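*Asks:* To start, I am sharing the structure in question, which I have written as structure tokens.
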Amino acid sequence: MAISIIDMFTIGIGPSSSHTVGPMRAGLKFIKFLEQDFEISTVKSVKVELFGSLGHTGIGHGSDKAVILGLLGETPEDVDPDTVAGKVKQIQNTRTLLLAGKYLIKFDFSNNIIFHRRKSLPKHPNGMRFSALDAEDNILVSKEYYSVGGGFVVNDNMGDDQGVNSVEPALPYPFKTCDELVQQCKEHGLSISALMLANESVWRSEKETINYLLNIWHTMQYCIDKGCKTEGILPGGLKVKRRAAPMHRRLKATEQSNQDPLKIMDWVNLYALAVNEENAAGGRIVTAPTNGAAGIIPAVMKYYQNTKAQCDDNDMVKFLLTAGAIGFLYKENASISGAEVGCQGEVGVACSMAAAGLAEVTGGTVSQCENAAEIGMEHHLGLTCDPVGGLVQIPCIERNAIASVTAINSSRLALHGDGSNKVSLDKVIKTMVETGADMKTKYKETSRGGLAVNIIEC
């Protein structure tokens, strides 16, 4: 199934695209199924079972709250993060839930949401089962869904993605591999962003695509600004202090006097920290391509905006289109799910996307953009996903800052070359898949290995 740029970059809430946004969308799919293909009025309760990685780290990622929001009929794009706690508390106190916002059913957190820590569904580590129950708690109907990364949700046949396309469209410049993408660009004399914009025309007008991407960029900027102003302790029990706001004050206070030649790196770090602290707090976020890696592309875009004398909205649209094309390649040929291939599929992919986007807007050729993307991923191969306490905080927040700087360096290295390379992006993507398959399950978003078991949770 072809993926549109509006599937790759979506607006939602933190802390996780696969463990928060995905389960919310799964809940929405289930109530839509009940309304369209079932007699929803006969449903008196709903049981939700979370398997695999969702069973291990779902509490820390807010998966229980997410499925409830989906069952209420809330969407990741429109839900107000400030109202979530109140909605959940009301359900806990009344032990009732307004299914699809219309039908009052009984719902007890302790009995109706089950975390299976040692069980998995067969087709993906992030499996969910929703069951509609009658008044005697007999199962009327069940549906299984999988959250496959980046907020994408598929059914038990690994189909029915939530993307814009129900049928395969006839793209003017189709590609499934990077070699095909580069060939199409060179054959038709197009940049990657121009090719992407032309492909998007099968779904909407050019103006609509541009306006959507500008809204994505504005939301990223809002997230950076909010993260730079918000103090306090992140939720979840680790008592992690938010660092972006005090760091922002220090950088602003010394902005004129600081002669450190590497001070720009401090600002890049700040932008990434600000976004991912907002994500960890459950705030409004852009999935790019996942929430756990959401700080990298905004940080690199902000870096570009601050360092280029003349930067306009057109540059930011080109950046996102190019980054999106690289993201498609990973989604099509590998994975962007930390529970499936480790953090190389999240932070590594975001770094690769950002490197290519920056290469294009700074004048890189198509081959140099590919080279930048390849460098960005090559040095993230084997990166594990080991969130301490099942929270998207340690090492995730700092990891976004490090990868943002790596993306910039990857782009610069590529621009100093002629675009030729010994290792193609397609080969690196293939290697990433194989590395993820070889990686032990405990290193893939289960909090059963790595840092998650080697530091004290306090």
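Here's how to read the names in the structure tokens: chain A, B, ... by the order shown, residue numbers from 1 in each chain, ligand numbers from 1 in the order shown.
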Skip Pro122 (chain A) itself and residues of its chain fewer than 5 positions away, then list as a PyMOL selection string all residues within 12 Å of it, counting only C-alpha atoms.
*Replies:* chain A and resi 51-52+127-128+144-146+156-158
*Asks:* Running DSSP on the backbone, which parts of region 229-264 of chain A land in helix (DSSP H, G or I), as a PDB file with N, CA and C atoms, in the first residue's frame?
*Replies:*
```pdb
ATOM      1  N   LYS A 229      10.066  26.519  27.655  1.00  0.00           N
ATOM      2  CA  LYS A 229       9.480  27.370  28.691  1.00  0.00           C
ATOM      3  C   LYS A 229       8.955  26.592  29.893  1.00  0.00           C
ATOM      4  N   ALA A 244      15.328  21.526  29.462  1.00  0.00           N
ATOM      5  CA  ALA A 244      15.322  22.465  28.338  1.00  0.00           C
ATOM      6  C   ALA A 244      15.124  23.914  28.792  1.00  0.00           C
ATOM      7  N   ALA A 245      14.191  24.152  29.697  1.00  0.00           N
ATOM      8  CA  ALA A 245      13.904  25.530  30.115  1.00  0.00           C
ATOM      9  C   ALA A 245      15.108  26.197  30.778  1.00  0.00           C
ATOM     10  N   PRO A 246      15.738  25.588  31.801  1.00  0.00           N
ATOM     11  CA  PRO A 246      16.922  26.238  32.373  1.00  0.00           C
ATOM     12  C   PRO A 246      18.079  26.349  31.381  1.00  0.00           C
ATOM     13  N   MET A 247      18.215  25.362  30.507  1.00  0.00           N
ATOM     14  CA  MET A 247      19.264  25.430  29.483  1.00  0.00           C
ATOM     15  C   MET A 247      19.000  26.592  28.531  1.00  0.00           C
ATOM     16  N   HIS A 248      17.741  26.793  28.165  1.00  0.00           N
ATOM     17  CA  HIS A 248      17.363  27.892  27.287  1.00  0.00           C
ATOM     18  C   HIS A 248      17.695  29.238  27.929  1.00  0.00           C
ATOM     19  N   ARG A 249      17.418  29.382  29.223  1.00  0.00           N
ATOM     20  CA  ARG A 249      17.723  30.632  29.924  1.00  0.00           C
ATOM     21  C   ARG A 249      19.232  30.904  29.920  1.00  0.00           C
ATOM     22  N   ARG A 250      20.023  29.887  30.168  1.00  0.00           N
ATOM     23  CA  ARG A 250      21.477  30.066  30.199  1.00  0.00           C
ATOM     24  C   ARG A 250      22.017  30.460  28.821  1.00  0.00           C
ATOM     25  N   LEU A 251      21.515  29.795  27.779  1.00  0.00           N
ATOM     26  CA  LEU A 251      21.987  30.102  26.428  1.00  0.00           C
ATOM     27  C   LEU A 251      21.597  31.512  26.008  1.00  0.00           C
ATOM     28  N   LYS A 252      20.385  31.924  26.361  1.00  0.00           N
ATOM     29  CA  LYS A 252      19.941  33.279  26.020  1.00  0.00           C
ATOM     30  C   LYS A 252      20.760  34.333  26.764  1.00  0.00           C
ATOM     31  N   ALA A 253      21.075  34.045  28.021  1.00  0.00           N
ATOM     32  CA  ALA A 253      21.811  35.012  28.841  1.00  0.00           C
ATOM     33  C   ALA A 253      23.229  35.234  28.326  1.00  0.00           C
ATOM     34  N   LYS A 263      28.980  26.540  20.035  1.00  0.00           N
ATOM     35  CA  LYS A 263      27.755  26.899  20.748  1.00  0.00           C
ATOM     36  C   LYS A 263      26.496  26.524  19.968  1.00  0.00           C
ATOM     37  N   ILE A 264      26.603  26.465  18.640  1.00  0.00           N
ATOM     38  CA  ILE A 264      25.443  26.065  17.855  1.00  0.00           C
ATOM     39  C   ILE A 264      25.004  24.656  18.232  1.00  0.00           C
TER      40      ILE A 264
END
```
*Asks:* List the spatial neighbours of region 362-379 of chain A as a list in words - criterion: any atom at most 7 Å away, only C-alpha atoms, same-chain residues fewer than 3 positions off excluded.
*Replies:*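 Contacts, with the query itself left out: Val182, Ser191, Ile192, Gly348, Val349, Cys351, Ser352, Met353, Ala355, Ala356, Leu358, Ala359, Thr406, Ala407, Ser410, Ser411, Ala414, Leu415, Asp418, Gly419, Ser420, Asn421, Ser424, Leu425 and Val428 of chain A.
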*Asks:* Give me the residues near Val43 (chain A) as a VMD selection string, where near means some atom within 9 Å (using only C-alpha atoms) and where sequence neighbours in that chain fewer than 2 positions away do not count.
*Replies:* chain A and resid 34 39 to 41 45 to 46 103 105 132 to 135 140
*Asks:* By how many Å are CA of Ile397 (chain A) and CA of Gly227 (chain A) apart?
*Replies:* 12.2 Å
*Asks:* Interatomic distance between CA of Glu278 (chain A) and CA of Ser335 (chain A)?
*Replies:*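 Calculated distance between CA of Glu278 (chain A) and CA of Ser335 (chain A) is 24.6 Å.
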*Asks:* Point out the residue among A:Thr96, A:Asn126, A:Asn215, A:Ser16 with the least atom-to-atom distance to Asn112 (chain A), counting only C-alpha atoms.
*Replies:*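 Looking at the shortest contact to Asn112 (chain A), the residue is A:Thr96.
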*Asks:* Under the rule that only C-alpha atoms are counted, which of A:Gly189, A:Thr177, A:Ile91, A:Ile3 is the nearest residue to Leu104 (chain A)?
*Replies:*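 Residue with the minimum atom-to-atom distance to Leu104 (chain A): A:Ile91.
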